[in-house]
$ cat input.txt   # compact mmCIF, C-alpha atoms
# COMPACT_ATOMS: atom_id res chain seq x y z
CA MET A 22 63.39 46.86 38.43
CA GLN A 23 64.10 50.49 37.72
CA GLY A 24 62.34 50.21 34.33
CA GLU A 25 59.23 48.77 35.92
CA LEU A 26 59.15 51.67 38.41
CA LEU A 27 59.42 54.25 35.64
CA ALA A 28 56.63 52.54 33.71
CA ALA A 29 54.36 52.59 36.77
CA ILE A 30 55.03 56.29 37.37
CA ALA A 31 54.31 57.08 33.70
CA GLY A 32 51.02 55.17 33.89
CA LEU A 33 49.96 57.02 37.04
CA VAL A 34 50.72 60.40 35.45
CA GLY A 35 48.66 59.44 32.42
CA LEU A 36 45.74 58.39 34.58
CA VAL A 37 45.76 61.70 36.53
CA THR A 38 45.98 63.68 33.29
CA GLY A 39 43.00 61.83 31.84
CA VAL A 40 40.87 62.36 34.94
CA ALA A 41 41.75 66.09 34.98
CA ALA A 42 40.87 66.47 31.32
CA GLY A 43 37.51 64.75 31.87
CA LEU A 44 36.67 66.98 34.80
CA ALA A 45 37.63 70.10 32.86
CA PHE A 46 35.41 69.03 29.96
CA ARG A 47 32.44 68.40 32.25
CA ILE A 48 32.87 71.74 34.03
CA SER A 49 33.01 73.49 30.66
CA GLU A 50 29.82 71.78 29.49
CA THR A 51 28.04 72.62 32.75
CA GLY A 52 28.99 76.28 32.43
CA ARG A 53 27.68 76.44 28.87
CA ASN A 54 24.40 74.81 29.85
CA ARG A 55 23.78 77.19 32.77
CA ALA A 56 24.67 80.41 31.00
CA PRO A 57 21.26 80.94 29.27
CA GLU A 58 19.35 80.13 32.49
CA GLU A 59 21.18 82.67 34.68
CA PRO A 60 21.79 85.87 32.73
CA GLN A 61 24.17 88.28 34.30
CA ARG A 62 22.34 90.89 36.36
CA PRO A 63 23.54 94.46 36.05
CA SER A 64 24.88 95.50 39.43
CA ALA A 65 24.00 99.18 38.90
CA LEU A 66 21.84 101.41 36.75
CA PRO A 67 23.34 103.19 33.73
CA PRO A 68 24.84 106.59 34.58
CA GLY A 69 22.25 109.29 35.29
CA ILE A 70 19.23 106.96 35.47
CA ALA A 71 19.09 106.88 39.27
CA GLU A 72 19.03 110.69 39.46
CA VAL A 73 16.22 110.89 36.91
CA LEU A 74 14.13 108.28 38.72
CA ALA A 75 14.54 110.13 42.01
CA ALA A 76 13.11 113.30 40.44
CA LEU A 77 10.05 111.63 38.92
CA PRO A 78 6.72 112.11 40.74
CA SER A 79 5.38 108.81 39.39
CA SER A 80 5.94 105.37 40.86
CA ALA A 81 9.06 104.06 39.07
CA VAL A 82 10.37 100.51 38.76
CA VAL A 83 13.43 99.22 36.86
CA LEU A 84 13.47 95.50 35.97
CA ASP A 85 16.64 93.60 35.09
CA PRO A 86 16.80 90.99 32.26
CA ALA A 87 15.56 88.32 34.69
CA ASP A 88 12.44 90.38 35.60
CA ARG A 89 13.78 91.10 39.06
CA VAL A 90 13.42 94.61 40.51
CA LEU A 91 16.72 96.45 40.28
CA ARG A 92 15.35 99.80 41.53
CA ALA A 93 11.91 100.84 42.85
CA SER A 94 10.67 104.15 44.23
CA SER A 95 9.10 104.32 47.67
CA ALA A 96 5.73 105.13 46.08
CA ALA A 97 5.82 101.91 44.05
CA ARG A 98 6.33 99.92 47.23
CA ALA A 99 3.74 101.91 49.17
CA TYR A 100 1.08 101.24 46.53
CA GLY A 101 1.89 97.52 46.56
CA ILE A 102 3.23 97.40 42.99
CA VAL A 103 6.56 96.02 44.22
CA ARG A 104 7.29 93.61 47.06
CA GLY A 105 10.87 92.71 47.79
CA ASP A 106 12.57 92.31 44.39
CA GLU A 107 9.39 91.27 42.55
CA LEU A 108 6.90 93.18 40.41
CA VAL A 109 3.68 91.69 41.76
CA ILE A 110 1.24 92.99 39.13
CA SER A 111 1.12 90.17 36.58
CA ASP A 112 -0.24 92.38 33.78
CA LEU A 113 2.67 94.79 34.21
CA LEU A 114 5.17 91.93 34.24
CA ALA A 115 3.78 90.55 30.98
CA LEU A 116 3.88 94.03 29.44
CA ALA A 117 7.51 94.48 30.53
CA ARG A 118 8.49 91.19 28.85
CA GLN A 119 6.87 92.28 25.60
CA VAL A 120 8.72 95.58 25.70
CA ARG A 121 12.03 93.81 26.34
CA ARG A 122 11.45 91.51 23.34
CA ASP A 123 10.50 94.07 20.70
CA GLY A 124 11.71 97.38 22.21
CA VAL A 125 8.33 99.09 21.63
CA ILE A 126 7.09 101.53 24.31
CA ARG A 127 3.65 100.57 25.61
CA GLU A 128 0.98 102.34 27.67
CA THR A 129 -2.02 101.03 29.61
CA GLU A 130 -4.20 101.63 32.67
CA ILE A 131 -4.49 99.32 35.67
CA GLU A 132 -6.47 99.17 38.90
CA VAL A 133 -4.60 98.28 42.09
CA ALA A 134 -6.33 97.50 45.38
CA VAL A 135 -4.48 99.45 48.06
CA ARG A 136 -5.58 98.55 51.57
CA LYS A 137 -4.75 101.88 53.20
CA PHE A 138 -7.00 103.76 50.79
CA GLY A 139 -10.07 101.69 51.65
CA PRO A 140 -12.07 99.31 49.48
CA ASP A 141 -11.78 101.37 46.30
CA ALA A 142 -8.99 100.54 43.89
CA THR A 143 -6.35 103.05 42.86
CA SER A 144 -6.21 103.79 39.15
CA PHE A 145 -2.80 104.08 37.45
CA ALA A 146 -1.75 105.26 34.02
CA VAL A 147 1.23 103.05 33.12
CA ARG A 148 4.06 103.57 30.62
CA VAL A 149 6.65 100.82 30.00
CA ALA A 150 9.84 101.50 28.03
CA PRO A 151 13.21 99.81 27.40
CA LEU A 152 16.39 101.38 28.79
CA GLY A 153 18.72 101.27 25.79
CA GLY A 154 20.08 97.86 24.83
CA THR A 155 20.88 96.77 28.38
CA GLY A 156 17.87 94.49 28.79
CA LEU A 157 16.56 96.78 31.53
CA VAL A 158 12.91 97.87 31.43
CA LEU A 159 11.46 100.99 33.04
CA VAL A 160 7.89 100.92 34.41
CA LEU A 161 6.26 104.26 35.29
CA ALA A 162 2.86 104.27 37.05
CA GLU A 163 1.04 107.56 37.73
CA ASP A 164 -1.86 107.69 40.19
CA GLN A 165 -4.96 108.85 38.29
CA THR A 166 -7.46 108.54 41.15
CA GLU A 167 -7.60 112.25 41.99
CA ARG A 168 -7.87 113.26 38.32
CA ARG A 169 -10.77 110.89 37.83
CA ARG A 170 -12.46 112.22 40.96
CA VAL A 171 -12.13 115.80 39.72
CA GLU A 172 -13.56 114.81 36.34
CA ALA A 173 -16.51 113.13 38.06
CA VAL A 174 -17.10 116.25 40.18
CA ARG A 175 -16.98 118.43 37.08
CA ARG A 176 -19.47 116.21 35.24
CA ASP A 177 -21.80 116.26 38.23
CA PHE A 178 -21.48 120.02 38.50
CA VAL A 179 -22.40 120.55 34.84
CA ALA A 180 -25.36 118.17 35.15
CA ASN A 181 -26.56 119.81 38.36
CA ILE A 182 -26.26 123.39 37.16
CA SER A 183 -28.01 122.49 33.91
CA HIS A 184 -30.91 121.10 35.93
CA GLU A 185 -30.99 124.01 38.36
CA LEU A 186 -31.13 126.56 35.54
CA LYS A 187 -33.51 124.57 33.37
CA THR A 188 -36.18 124.32 36.08
CA PRO A 189 -36.88 128.05 36.61
CA VAL A 190 -36.37 128.85 32.92
CA GLY A 191 -38.91 126.20 31.96
CA ALA A 192 -41.32 127.44 34.61
CA LEU A 193 -41.02 131.00 33.34
CA SER A 194 -41.76 129.85 29.79
CA LEU A 195 -44.90 127.96 30.83
CA LEU A 196 -46.10 130.80 33.03
CA ALA A 197 -45.61 133.31 30.20
CA GLU A 198 -47.77 131.15 27.92
CA THR A 199 -50.40 130.84 30.63
CA VAL A 200 -50.49 134.60 31.16
CA ALA A 201 -50.93 135.12 27.43
CA ASP A 202 -53.86 132.69 27.35
CA ALA A 203 -55.45 134.29 30.44
CA SER A 204 -55.05 137.90 29.33
CA ASP A 205 -58.80 138.53 29.79
CA ASP A 206 -58.71 137.36 33.43
CA PRO A 207 -56.98 140.01 35.59
CA GLU A 208 -56.97 137.80 38.71
CA ALA A 209 -55.26 134.93 36.87
CA VAL A 210 -52.74 137.32 35.36
CA ARG A 211 -51.85 138.69 38.80
CA ARG A 212 -51.48 135.16 40.22
CA PHE A 213 -49.28 133.89 37.40
CA THR A 214 -47.12 137.01 37.24
CA GLY A 215 -46.47 136.57 40.96
CA ARG A 216 -45.25 133.03 40.24
CA MET A 217 -43.09 134.41 37.45
CA GLN A 218 -41.47 136.83 39.88
CA GLN A 219 -40.71 133.96 42.26
CA GLU A 220 -39.09 131.88 39.53
CA ALA A 221 -37.11 134.89 38.28
CA ALA A 222 -35.86 135.52 41.84
CA ARG A 223 -34.86 131.87 42.15
CA LEU A 224 -32.99 132.05 38.85
CA THR A 225 -31.23 135.22 40.02
CA SER A 226 -30.21 133.52 43.28
CA VAL A 227 -28.69 130.55 41.46
CA ILE A 228 -26.72 132.78 39.13
CA GLN A 229 -25.54 135.04 41.98
CA ASP A 230 -24.42 132.04 44.05
CA LEU A 231 -22.55 130.63 41.05
CA ILE A 232 -20.78 133.94 40.54
CA THR A 233 -19.81 134.06 44.23
CA LEU A 234 -18.62 130.45 44.24
CA SER A 235 -16.54 130.87 41.08
CA ARG A 236 -14.95 134.02 42.53
CA ILE A 237 -13.76 132.41 45.75
CA GLN A 238 -13.24 128.78 44.73
CA GLY A 239 -9.57 128.00 44.31
CA ALA A 240 -8.54 131.49 45.38
CA GLU A 241 -5.43 131.88 47.49
CA PRO A 242 -5.77 133.00 51.11
CA MET A 243 -5.93 136.77 51.40
CA ALA A 244 -2.56 138.49 51.35
CA GLU A 245 -3.85 141.80 52.79
CA PRO A 246 -6.97 141.23 54.93
CA ASP A 247 -8.81 144.11 56.57
CA LYS A 248 -10.05 144.53 60.13
CA VAL A 249 -13.58 143.22 60.48
CA VAL A 250 -15.86 143.89 63.46
CA ILE A 251 -17.73 140.66 64.13
CA GLY A 252 -20.68 142.46 65.76
CA GLU A 253 -21.36 144.35 62.52
CA VAL A 254 -21.13 141.16 60.43
CA VAL A 255 -23.60 139.33 62.67
CA GLU A 256 -26.02 142.25 62.79
CA GLU A 257 -26.04 142.64 59.00
CA ALA A 258 -26.66 138.91 58.53
CA LEU A 259 -29.52 138.91 61.04
CA ASP A 260 -31.10 141.97 59.42
CA ALA A 261 -31.10 140.19 56.05
CA VAL A 262 -33.27 137.33 57.40
CA ARG A 263 -35.33 139.19 59.97
CA MET A 264 -38.42 139.45 57.78
CA ALA A 265 -38.43 135.70 57.06
CA ALA A 266 -37.86 135.00 60.75
CA ASP A 267 -40.72 137.30 61.82
CA ALA A 268 -43.07 135.55 59.40
CA LYS A 269 -42.41 132.26 61.25
CA GLN A 270 -42.23 133.93 64.69
CA ILE A 271 -38.61 132.80 65.06
CA SER A 272 -36.56 134.85 67.52
CA LEU A 273 -33.02 135.85 66.51
CA VAL A 274 -30.51 136.15 69.36
CA ALA A 275 -26.84 137.23 69.28
CA SER A 276 -24.32 137.11 72.13
CA GLY A 277 -20.60 137.59 72.75
CA THR A 278 -20.03 139.82 69.73
CA GLU A 279 -18.98 143.00 71.52
CA GLY A 280 -15.39 144.09 70.90
CA VAL A 281 -14.41 141.07 68.78
CA VAL A 282 -12.29 141.94 65.75
CA ILE A 283 -10.73 139.63 63.16
CA MET A 284 -8.82 140.06 59.90
CA GLY A 285 -10.63 139.20 56.70
CA ASP A 286 -13.00 140.26 53.93
CA GLU A 287 -16.13 141.75 55.47
CA SER A 288 -18.41 141.20 52.47
CA LEU A 289 -17.46 137.52 52.20
CA LEU A 290 -17.91 136.97 55.93
CA VAL A 291 -21.34 138.60 55.78
CA THR A 292 -22.23 136.25 52.90
CA ALA A 293 -21.14 133.20 54.90
CA MET A 294 -23.00 134.33 58.01
CA ARG A 295 -26.14 135.23 56.05
CA ASN A 296 -26.19 131.81 54.33
CA LEU A 297 -25.96 129.97 57.66
CA VAL A 298 -28.58 132.10 59.41
CA ALA A 299 -30.93 131.89 56.41
CA ASN A 300 -30.62 128.09 56.44
CA ALA A 301 -31.31 128.03 60.17
CA VAL A 302 -34.50 130.04 59.71
CA ALA A 303 -35.65 128.10 56.64
CA TYR A 304 -35.28 124.68 58.28
CA SER A 305 -36.69 125.63 61.70
CA PRO A 306 -40.34 125.25 62.74
CA GLU A 307 -42.41 128.23 63.83
CA ARG A 308 -41.97 129.85 67.24
CA THR A 309 -38.42 128.57 67.78
CA ARG A 310 -35.10 130.35 68.22
CA VAL A 311 -31.95 130.86 66.14
CA SER A 312 -28.94 132.01 68.14
CA VAL A 313 -25.54 133.36 67.09
CA SER A 314 -22.81 133.19 69.72
CA VAL A 315 -19.18 134.27 69.56
CA GLU A 316 -16.36 132.80 71.65
CA VAL A 317 -12.70 133.84 71.62
CA THR A 318 -10.16 131.09 72.33
CA ASP A 319 -6.36 131.20 72.51
CA LYS A 320 -5.94 130.78 68.76
CA ALA A 321 -9.30 131.39 67.11
CA VAL A 322 -12.59 133.22 67.07
CA GLU A 323 -15.51 130.78 66.98
CA ILE A 324 -18.90 131.88 65.68
CA SER A 325 -21.70 129.36 66.24
CA ILE A 326 -25.13 129.47 64.59
CA ALA A 327 -27.56 127.16 66.39
CA ASP A 328 -31.18 126.36 65.53
CA GLN A 329 -33.96 124.14 66.85
CA GLY A 330 -34.85 122.77 63.45
CA ILE A 331 -35.29 119.37 61.82
CA GLY A 332 -31.60 118.43 62.07
CA ILE A 333 -29.42 116.51 59.62
CA PRO A 334 -29.19 112.69 59.36
CA PRO A 335 -25.74 111.29 60.34
CA GLN A 336 -25.12 109.88 56.84
CA ASP A 337 -25.54 113.35 55.32
CA LEU A 338 -23.31 115.33 57.69
CA GLU A 339 -20.13 114.81 55.63
CA ARG A 340 -21.82 115.81 52.37
CA VAL A 341 -23.76 118.93 53.29
CA PHE A 342 -20.91 121.17 52.08
CA GLU A 343 -20.94 119.68 48.58
CA ARG A 344 -22.30 121.81 45.75
CA PHE A 345 -26.01 121.20 45.06
CA TYR A 346 -26.24 118.51 47.74
CA ARG A 347 -29.55 118.65 49.57
CA VAL A 348 -30.63 116.60 52.57
CA ASP A 349 -34.30 117.15 51.67
CA ALA A 350 -34.60 118.23 48.04
CA ALA A 351 -38.35 118.89 48.20
CA ARG A 352 -38.07 121.07 51.31
CA SER A 353 -35.06 122.89 49.88
CA ARG A 354 -36.95 123.81 46.73
CA ALA A 355 -39.90 124.97 48.82
CA THR A 356 -37.62 127.29 50.79
CA GLY A 357 -35.98 128.60 47.63
CA GLY A 358 -32.54 127.15 48.34
CA THR A 359 -30.01 126.82 45.53
CA GLY A 360 -27.91 124.03 47.09
CA LEU A 361 -24.79 126.22 46.91
CA GLY A 362 -24.98 128.11 50.21
CA LEU A 363 -22.92 125.74 52.35
CA ALA A 364 -20.36 125.17 49.59
CA ILE A 365 -19.87 128.94 49.49
CA VAL A 366 -19.44 129.03 53.28
CA LYS A 367 -16.78 126.31 53.12
CA HIS A 368 -14.74 128.12 50.46
CA ILE A 369 -15.02 131.45 52.27
CA MET A 370 -13.56 129.83 55.37
CA THR A 371 -10.71 128.32 53.33
CA HIS A 372 -10.09 131.78 51.87
CA HIS A 373 -9.73 133.08 55.46
CA ARG A 374 -7.48 130.20 56.63
CA GLY A 375 -10.39 129.02 58.77
CA GLU A 376 -12.84 126.15 58.80
CA VAL A 377 -16.53 125.37 59.21
CA THR A 378 -17.88 122.39 61.14
CA VAL A 379 -21.36 121.09 61.89
CA TRP A 380 -23.04 119.26 64.74
CA SER A 381 -26.57 118.03 64.30
CA LYS A 382 -29.15 115.65 65.71
CA GLU A 383 -32.38 114.83 63.94
CA GLY A 384 -35.31 116.47 65.65
CA SER A 385 -33.08 118.59 67.92
CA GLY A 386 -31.48 121.06 65.52
CA SER A 387 -28.07 121.89 64.10
CA THR A 388 -25.09 124.02 65.05
CA PHE A 389 -22.66 125.34 62.43
CA THR A 390 -19.40 126.76 63.77
CA LEU A 391 -17.04 129.09 61.92
CA ARG A 392 -13.46 129.09 63.24
CA LEU A 393 -11.32 132.04 62.17
CA PRO A 394 -7.72 132.74 63.28
CA ARG A 395 -7.26 135.60 65.72
CA PRO A 396 -5.43 138.65 64.32
CA GLU A 397 -2.21 137.93 66.27
CA THR A 398 -2.26 134.30 65.13
CA ARG A 399 -2.64 135.39 61.52
CA GLU A 400 0.26 137.80 61.91
CA ARG A 401 2.49 135.00 63.22
CA GLN A 402 1.47 132.82 60.28
CA ARG A 403 2.29 135.57 57.81
CA SER A 404 5.65 136.25 59.51
CA GLY A 405 6.50 132.56 59.29
CA GLU A 406 5.55 132.45 55.62
CA ASN A 407 7.68 135.52 54.87
CA THR A 408 10.64 133.97 56.73
CA ASP A 409 10.27 130.76 54.75
CA ARG A 410 10.21 132.69 51.48
CA GLU A 411 13.29 134.71 52.43
CA ALA A 412 15.15 131.54 53.41
CA ALA A 413 14.22 129.94 50.10
CA GLN A 414 15.59 132.93 48.24
$ encode --input "input.txt" --output "structure tokens"
Amino acid sequence: MQGELLAAIAGLVGLVTGVAAGLAFRISETGRNRAPEEPQRPSALPPGIAEVLAALPSSAVVLDPADRVLRASSAARAYGIVRGDELVISDLLALARQVRRDGVIRETEIEVAVRKFGPDATSFAVRVAPLGGTGLVLVLAEDQTERRRVEAVRRDFVANISHELKTPVGALSLLAETVADASDDPEAVRRFTGRMQQEAARLTSVIQDLITLSRIQGAEPMAEPDKVVIGEVVEEALDAVRMAADAKQISLVASGTEGVVIMGDESLLVTAMRNLVANAVAYSPERTRVSVSVEVTDKAVEISIADQGIGIPPQDLERVFERFYRVDAARSRATGGTGLGLAIVKHIMTHHRGEVTVWSKEGSGSTFTLRLPRPETRERQRSGENTDREAAQ
């Protein structure tokens, strides 16, 4: 009886051992089969990488060996390149996989539709590189939209200035030939030489406006402005256009200028005022009025130039300050405009820490308003800037 009991116990132990061995074998096989499908994800970036990524101005994304996002900058998420832990741009994901396979750094350009920037896509210059032998891949995307816009503006500027200079130069050449052929006709010579003088004056105006624009464009706000009497600026600007105004029987009226003083560059302010008043006279019908009014508010001095002219269409209001932009090109050429006057006004206001705005209604006229900081406001701004600089030092 005792022997049968021992045999039963031995058999039970053997059965348990066999079942345990089978389970262990199956678990081992399962682990080996799953290992390639679920690679181990690094829990942290290599030392120093996080600090470098934080200092980069570009959108930065780090992908782990499973193509999941291990680290992404706020810009990458804001532009919609990353959502959650996924890189949502399929072209970038494919490029990252290629880089992980062969270790070769790759560069490309992509267009991403970003809702908050409107219907236009945002252009990115992309660079994808491996991070050592860790299986991590770094994706850097730099916004190229502004650079492309600047390049387009530069191309347009070169094309426009070439056209503006070519027109009077070509006219002068033709007129010179005509004068030579009509040398025996004094009346024709006088007529054509008068045209030559007009074209030469137009060419001079374009060149002078270009010189003025290049001098003030991109310049820093004035560090040491001078006191400027607004009444003198307005009077000088009105005197410059009085002959043209008298020829069209346009009355020039100024009000509110007495005792108003600001800080700035008098010659530049006269240029801005003269450009606005000249435009008002040029685009106003005969026997109308152009008025200049000055109002002092708590923080600014506002100078408004109002006319009773043809007005500006709503779709053109935002573009009138662009270089060479003309609402009515034919009328502008007839009045001798260069297309640079309002661009010059805008940059002069920026140079003075001010701004220029426009209100207009077709058939009713336009009002351009210059807003300049009052002297005490400017002093507070300068004191704050000096304090900031001292604190930074």
$ residues_around --input "input.txt" --residues "range 123-132 of chain A" --least-positions-apart "4" --cutoff "12 Å" --atoms "all atoms listed in the file" --output "PyMOL selection string"
chain A and resi 100-102+110-113+115-119+140-166
$ atom_distance --input "input.txt" --atom1 "CA of Ala275 in chain A" --atom2 "CA of Leu361 in chain A"
25.0 Å
$ atom_distance --input "input.txt" --atom1 "CA of Leu290 in chain A" --atom2 "CA of Lys248 in chain A"
11.7 Å
$ atom_distance --input "input.txt" --atom1 "CA of Asp230 in chain A" --atom2 "CA of Glu343 in chain A"
13.6 Å
$ closest_residue --input "input.txt" --among "A:Pro334, A:Arg295, A:His372, A:Val281" --to "Arg395 in chain A" --atoms "only C-alpha atoms"
A:Val281
$ residues_around --input "input.txt" --residues "Val291 in chain A" --least-positions-apart "2" --cutoff "12 Å" --atoms "all atoms listed in the file" --output "PyMOL selection string"
chain A and resi 249-261+285-289+293-299+365-366+369-370
$ residues_around --input "input.txt" --residues "Ala93 in chain A" --least-positions-apart "2" --cutoff "9 Å" --atoms "only C-alpha atoms" --output "list in words"
Leu74, Ser80, Ala81, Val82, Val83, Leu84, Val90, Leu91, Ser95, Ala96, Ala97, Arg98, Val103 and Asp106 of chain A
$ residues_around --input "input.txt" --residues "range 264-271 of chain A" --least-positions-apart "3" --cutoff "8 Å" --atoms "all atoms listed in the file" --output "list in words"
Asp260, Ala261, Val302, Pro306, Glu307, Arg308, Thr309, Arg310 and Val311 of chain A
$ closest_residue --input "input.txt" --among "A:Ile333, A:Val179, A:Val120, A:Leu77" --to "Phe345 in chain A" --atoms "only C-alpha atoms"
A:Val179
$ closest_residue --input "input.txt" --among "A:Ser235, A:Thr378, A:Ser312, A:Thr225" --to "Ser272 in chain A" --atoms "only C-alpha atoms"
A:Ser312
$ closest_residue --input "input.txt" --among "A:Leu108, A:Val322, A:Leu338, A:Ile331" --to "Thr390 in chain A" --atoms "all atoms listed in the file"
A:Val322
$ residues_around --input "input.txt" --residues "Leu391 in chain A" --least-positions-apart "5" --cutoff "7 Å" --atoms "all atoms listed in the file" --output "CSV table (one decimal) with C-alpha atoms, in the frame of the given file"
chain,number,residue,atom,x,y,z
A,323,GLU,CA,-15.5,130.8,67.0
A,324,ILE,CA,-18.9,131.9,65.7
A,325,SER,CA,-21.7,129.4,66.2
A,376,GLU,CA,-12.8,126.2,58.8
A,377,VAL,CA,-16.5,125.4,59.2
A,378,THR,CA,-17.9,122.4,61.1
